[in-house]
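Novice: This is the structure I want to talk about, given as structure tokens.
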Amino acid sequence: MLTKYHNYILIIAEKPKAANRIAKALASGSVIKKTWNKVPYWIINVSGRPCIVASAVGHLFTLTTNLNGVPVFTYYWTPVWIVDKGASYTKPYYMLLEKLCKYASIYVNACDYDIEGSVIGYMIIKHFGDLRRAYRMKFSTLTPSDLRRAFQKLEKLDWPMIEAGLCRHELDWIWGINISRVLMEAIRKATGKRIILSAGRVQSPTLAFMAQKEIESRLNIPTPQPSIEVKVRIGREEYSVSLEEFRPRTLEEARKIIQLLKKYGYLIVTNITYKTELIQPPTPFNLGDLQAEASRIYGLSPLKTQEIAEQLYLDVLISYPRTNSQKLPPTINYKEIVMNLLRNPKYSKLANELLIETKGYLRPKEGPKEDPAHPAIYPTGNIPSKLSKDKERIYDLIVRRFLACFSKPTKIVHVKAILETPFKYLNKTLKFSINFTSVTEIGWIKYYPFTSLRVTKIPGMYKYMKIPISKANARIRYVSNIEPYTKAKIIKWMETVNIGTEATRARILETLFQRKYLKLSGKNVKVTDLGLAVYEVLSKYFKDITDVALTRKFEMYMNDIRLGIKSREEVVKEAKKLLLEIIGKCRENIDAVGEDLAIGLGIKEAYNKCILCSRRAQKDNLCNYHLMALNKLRDSYEVWKEVLGISWNDYLGKLLKLKSTGVWIKELAQYISRSEIYSAIE
């Protein structure tokens, strides 16, 4: 029975696995594992004092309201399982902690040391215990030594972190519920249907950014660019050479040059330069860098990488992963970690080579980014067993990156040869270049080989050497400035513009997929028509909430709360004032908002529909997007005509065949090809 235990220290972990680690690390003697309603807890003795270690399973409380309509600024915290049926698994943890808190004399928040962990522990102690007898346990790994050190240095609750975390929850809640309710009210008034739509403080500017990229993609017209493709033979190898300082303006001009190259059949080496470059070691991983590398190398999504890293942390294989830091403070015993890696057959050779290379003096290459709570991600040195394929991959990246940051720079030599034509074109010889790269000192690449550096064998060459041309062709390259975005690239953009946190960015992005605002096309992220429709309404009637600058401002405010510069109350008050203004403007246009949403979602048909889509026509029976497409078609034709000398109809036909042509351009080109309306454009 729980009631037989009294006056114990209650240590609250964030997850059961962490609680188990903490109990085993702190126990002076035996560890007694108990269960209540299938939920585990641990009874231990720490230097003569009885302790119980129990855990949450993430957030046990969430914000809610009893009020309908908008604006709604009255809310309260409630058990998450009451609001969310999918969170019923949290109920027994909630009930156990409620019972355990009743008889505790001291409460220790041992949840993850970040904003969310601070809030999780605080809410439990506030509702069930006594905040006046509460302490914070701070650690970056679940190793026994770190946990014991953290328990010996208990501090008062980290109020700045708690206040910043509570502020984030309040801002996200009032932002999301009010804007979402306005959108749903508008669509209900317009259609009589209840349709779930959502907007958010970080979600909406992220959707807006991707929608703008989607619009650029759908309006894309590639630019024809004449190119000269030349290959030469040196010994038995064939190499591509690049034209320097000159670009043919038309396909006809490119063909003339090819004829001359084929006529003479060789190029002359006129200059060879050698340049040595030192490539510095990479910095240790923060979460964003790890997510980017895991995506680039293995194609793992940011959320998947984050979840795997969190599992490795709970397995005591790495330090806390939800960090922004690229720094490893000297308080970490680097040498001990490397010595422990010597015991791992997979890394023993690398660890030994690093100790020989550095003579045991380990000084990491660090990046500029810092995190007040945690250092960069590093391995604990513990030997893993039976890791899944993806866990093994992420662990391997972290270990190798850690070793690499202590190594020497990689030294490479760039060799560039200039090859000139034996003839003149427009009174000048044409210059081609050929580049080679050789590694002279391998340095950190030995430890972290996941580099994009291309190493080539340098052939024997000398000045005035005649190099035979093996192939020469004139081609047209169709160049686009459209930049595809993967999930990892979006996360990196969010980090760059400072919206969201290490812990929340990947989940916010996944929310946009769950709402069907975004979808995957291969590895690249695309915006759906639903996402585009929501973006159009948000940007028209809620422009402020799609603005990165506004979201970033409140992120800075929350950092100010952590620094003690601002209070939670004044930040929330400012957010409410701003939301009232936004909601007020939207309510004045509620019918127009609903009508635009209904048409954008394809529920209602516009009375003056675009001849190419269901959107409302603005001019010439075309919607705004197809009007933009028409203007781009006209403007780009002048470039195409100059380069290729083709007719308007041939231009349209070529655009329809190119994969990189935007979908709105293709729709309009196809329509024009079937009609005579725009035949006079040529």
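By order of appearance in the structure tokens: chains A, B, ..., then residues from 1 within every chain, and ligands from 1 in the order shown.
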Run DSSP on the backbone and grab whatever in segment 140-256 of chain A lands in helix (DSSP H, G or I); send it over as a VMD selection string.
Specialist: chain A and resid 144 to 152 159 to 191 203 to 218 251 to 256
Novice: Per residue of segment 454-550 of chain A within 12 Å of segment 614-618 of chain A, record the nearest atom pair and its distance in Å to one decimal, counting only C-alpha atoms, with rows in chain order and ascending residue number, as CSV.
Specialist:
residue,atom,partner,partner_atom,distance
A:Asp529,CA,A:Arg615,CA,11.0
A:Leu532,CA,A:Arg615,CA,11.6
A:Ala533,CA,A:Arg615,CA,9.7
A:Glu536,CA,A:Arg615,CA,11.3
Novice: If we count only C-alpha atoms, what is near Glu495 of chain A at a cut-off of 12 Å, once residues fewer than 2 positions away on the same chain are taken out, given as a VMD selection string?
Specialist: chain A and resid 202 206 286 to 289 291 to 292 323 to 324 369 488 to 493 497 to 506 548 552 555
Novice: In Å, rounded to a single decimal, give me how far atom CA of Val525 of chain A is from atom CA of Ile482 of chain A.
Specialist: 12.8 Å
Novice: Which residues are close to segment 419-434 of chain A, i.e. within 12 Å by only C-alpha atoms, leaving aside same-chain residues fewer than 3 positions away? Reply as number ranges by chain.
Specialist: A: 228-234, 238-248, 253-254, 256-273, 414-416, 437, 456, 458-459, 461-469
Novice: How about saving the chosen residues, N, CA and C atoms kept, as a short mmCIF file (atom, residue, chain, number, x, y, z; two decimals), in the first residue's frame?
Specialist:
data_model
loop_
_atom_site.label_atom_id
_atom_site.label_comp_id
_atom_site.auth_asym_id
_atom_site.auth_seq_id
_atom_site.Cartn_x
_atom_site.Cartn_y
_atom_site.Cartn_z
N ILE A 228 28.25 24.60 -73.84
CA ILE A 228 29.22 23.85 -74.63
C ILE A 228 29.78 22.76 -73.74
N GLU A 229 29.54 21.52 -74.10
CA GLU A 229 30.01 20.38 -73.31
C GLU A 229 31.21 19.76 -74.03
N VAL A 230 32.35 19.84 -73.37
CA VAL A 230 33.60 19.37 -73.99
C VAL A 230 34.30 18.39 -73.03
N LYS A 231 34.77 17.29 -73.59
CA LYS A 231 35.57 16.35 -72.82
C LYS A 231 36.92 16.17 -73.51
N VAL A 232 37.96 16.02 -72.69
CA VAL A 232 39.31 15.82 -73.23
C VAL A 232 39.85 14.50 -72.70
N ARG A 233 40.87 14.00 -73.37
CA ARG A 233 41.48 12.74 -72.93
C ARG A 233 42.92 13.00 -72.51
N ILE A 234 43.23 12.60 -71.28
CA ILE A 234 44.60 12.69 -70.78
C ILE A 234 45.00 11.28 -70.38
N GLU A 238 39.20 10.20 -69.32
CA GLU A 238 38.45 11.27 -69.96
C GLU A 238 37.97 12.25 -68.89
N TYR A 239 38.11 13.55 -69.17
CA TYR A 239 37.74 14.58 -68.19
C TYR A 239 36.87 15.65 -68.86
N SER A 240 35.92 16.17 -68.08
CA SER A 240 35.10 17.28 -68.56
C SER A 240 35.82 18.59 -68.28
N VAL A 241 35.72 19.52 -69.22
CA VAL A 241 36.30 20.85 -69.02
C VAL A 241 35.19 21.89 -69.09
N SER A 242 35.38 23.02 -68.41
CA SER A 242 34.36 24.06 -68.34
C SER A 242 34.84 25.33 -69.04
N LEU A 243 33.94 25.94 -69.78
CA LEU A 243 34.25 27.18 -70.48
C LEU A 243 34.38 28.32 -69.48
N GLU A 244 35.46 29.10 -69.58
CA GLU A 244 35.72 30.21 -68.66
C GLU A 244 35.48 31.54 -69.36
N GLU A 245 34.97 32.52 -68.62
CA GLU A 245 34.91 33.92 -69.03
C GLU A 245 34.08 34.17 -70.29
N PHE A 246 33.36 33.19 -70.75
CA PHE A 246 32.57 33.40 -71.97
C PHE A 246 31.36 32.47 -71.93
N ARG A 247 30.23 32.99 -72.35
CA ARG A 247 29.03 32.18 -72.43
C ARG A 247 28.32 32.49 -73.74
N PRO A 248 28.10 31.49 -74.57
CA PRO A 248 27.39 31.76 -75.83
C PRO A 248 25.99 32.29 -75.56
N GLU A 253 25.26 30.30 -81.85
CA GLU A 253 26.65 30.67 -81.53
C GLU A 253 27.38 29.49 -80.92
N ALA A 254 26.72 28.75 -80.04
CA ALA A 254 27.34 27.57 -79.42
C ALA A 254 27.72 26.54 -80.48
N LYS A 256 28.53 27.10 -83.61
CA LYS A 256 29.69 27.59 -84.37
C LYS A 256 30.99 27.26 -83.63
N ILE A 257 30.96 27.46 -82.31
CA ILE A 257 32.16 27.17 -81.51
C ILE A 257 32.47 25.68 -81.54
N ILE A 258 31.46 24.84 -81.46
CA ILE A 258 31.65 23.39 -81.50
C ILE A 258 32.29 22.97 -82.83
N GLN A 259 31.86 23.58 -83.90
CA GLN A 259 32.44 23.26 -85.22
C GLN A 259 33.93 23.56 -85.24
N LEU A 260 34.32 24.69 -84.65
CA LEU A 260 35.74 25.05 -84.61
C LEU A 260 36.53 24.08 -83.73
N LEU A 261 35.95 23.71 -82.58
CA LEU A 261 36.63 22.77 -81.68
C LEU A 261 36.87 21.43 -82.37
N LYS A 262 35.87 20.96 -83.09
CA LYS A 262 36.01 19.68 -83.79
C LYS A 262 37.01 19.79 -84.94
N LYS A 263 37.06 20.95 -85.56
CA LYS A 263 37.99 21.16 -86.68
C LYS A 263 39.44 21.05 -86.21
N TYR A 264 39.76 21.71 -85.08
CA TYR A 264 41.15 21.70 -84.59
C TYR A 264 41.45 20.45 -83.76
N GLY A 265 40.51 20.02 -82.93
CA GLY A 265 40.64 18.74 -82.25
C GLY A 265 41.49 18.69 -81.00
N TYR A 266 41.98 19.81 -80.52
CA TYR A 266 42.79 19.78 -79.29
C TYR A 266 42.73 21.14 -78.59
N LEU A 267 43.15 21.13 -77.30
CA LEU A 267 43.31 22.35 -76.51
C LEU A 267 44.74 22.39 -75.99
N ILE A 268 45.22 23.58 -75.66
CA ILE A 268 46.61 23.75 -75.22
C ILE A 268 46.64 24.18 -73.75
N VAL A 269 47.41 23.48 -72.94
CA VAL A 269 47.58 23.86 -71.53
C VAL A 269 48.41 25.14 -71.47
N THR A 270 47.82 26.20 -70.93
CA THR A 270 48.56 27.47 -70.85
C THR A 270 48.92 27.87 -69.42
N ASN A 271 48.27 27.23 -68.45
CA ASN A 271 48.59 27.60 -67.06
C ASN A 271 48.14 26.48 -66.12
N ILE A 272 48.93 26.20 -65.10
CA ILE A 272 48.57 25.22 -64.07
C ILE A 272 48.83 25.87 -62.71
N THR A 273 47.82 25.93 -61.86
CA THR A 273 47.98 26.53 -60.52
C THR A 273 47.69 25.49 -59.44
N HIS A 414 44.19 21.89 -54.44
CA HIS A 414 43.39 22.12 -55.64
C HIS A 414 44.33 22.40 -56.80
N VAL A 415 44.15 21.67 -57.86
CA VAL A 415 44.94 21.91 -59.07
C VAL A 415 43.98 22.38 -60.16
N LYS A 416 44.30 23.52 -60.74
CA LYS A 416 43.46 24.05 -61.81
C LYS A 416 44.33 24.29 -63.05
N THR A 437 41.26 17.64 -57.30
CA THR A 437 41.42 17.82 -55.85
C THR A 437 42.11 16.59 -55.27
N THR A 456 39.97 13.58 -56.67
CA THR A 456 40.27 13.09 -58.02
C THR A 456 41.77 12.84 -58.18
N ILE A 458 45.15 13.28 -59.96
CA ILE A 458 45.73 14.35 -60.77
C ILE A 458 46.61 13.73 -61.86
N PRO A 459 46.23 13.92 -63.12
CA PRO A 459 47.03 13.33 -64.21
C PRO A 459 48.29 14.16 -64.49
N MET A 461 50.44 16.58 -66.37
CA MET A 461 50.23 17.66 -67.34
C MET A 461 51.41 18.61 -67.27
N TYR A 462 51.63 19.35 -68.35
CA TYR A 462 52.67 20.36 -68.34
C TYR A 462 52.25 21.49 -69.28
N LYS A 463 52.88 22.63 -69.09
CA LYS A 463 52.54 23.82 -69.88
C LYS A 463 52.81 23.59 -71.36
N TYR A 464 51.88 24.07 -72.19
CA TYR A 464 51.90 23.97 -73.65
C TYR A 464 51.62 22.56 -74.16
N MET A 465 51.24 21.69 -73.27
CA MET A 465 50.87 20.34 -73.67
C MET A 465 49.57 20.40 -74.48
N LYS A 466 49.51 19.65 -75.58
CA LYS A 466 48.29 19.58 -76.38
C LYS A 466 47.41 18.44 -75.86
N ILE A 467 46.19 18.79 -75.49
CA ILE A 467 45.25 17.82 -74.93
C ILE A 467 44.18 17.53 -75.98
N PRO A 468 44.06 16.29 -76.46
CA PRO A 468 43.06 15.98 -77.50
C PRO A 468 41.62 16.07 -76.97
N ILE A 469 40.75 16.61 -77.81
CA ILE A 469 39.32 16.68 -77.49
C ILE A 469 38.68 15.36 -77.90
#
Novice: Could you tell me which of A:Cys623, A:Cys167, A:Ile476, A:Met339 comes closest to Lys609 of chain A if we count only C-alpha atoms?
Specialist: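 Of A:Cys623, A:Cys167, A:Ile476, A:Met339, the one nearest Lys609 of chain A is A:Cys623, counting only C-alpha atoms.
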Novice: When you look at Ile665 of chain A with a cut-off of 9 Å (counting only C-alpha atoms), what residues show up, excluding the ones that are within fewer than 6 positions of it in the same chain? I need them as a list in words.
Specialist: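 Here the qualifying residues turn out to be Arg218, Leu219, Asn220, Ile221, His626, Ala629, Leu630, Lys632, Leu633, Leu655 and Leu656 of chain A.
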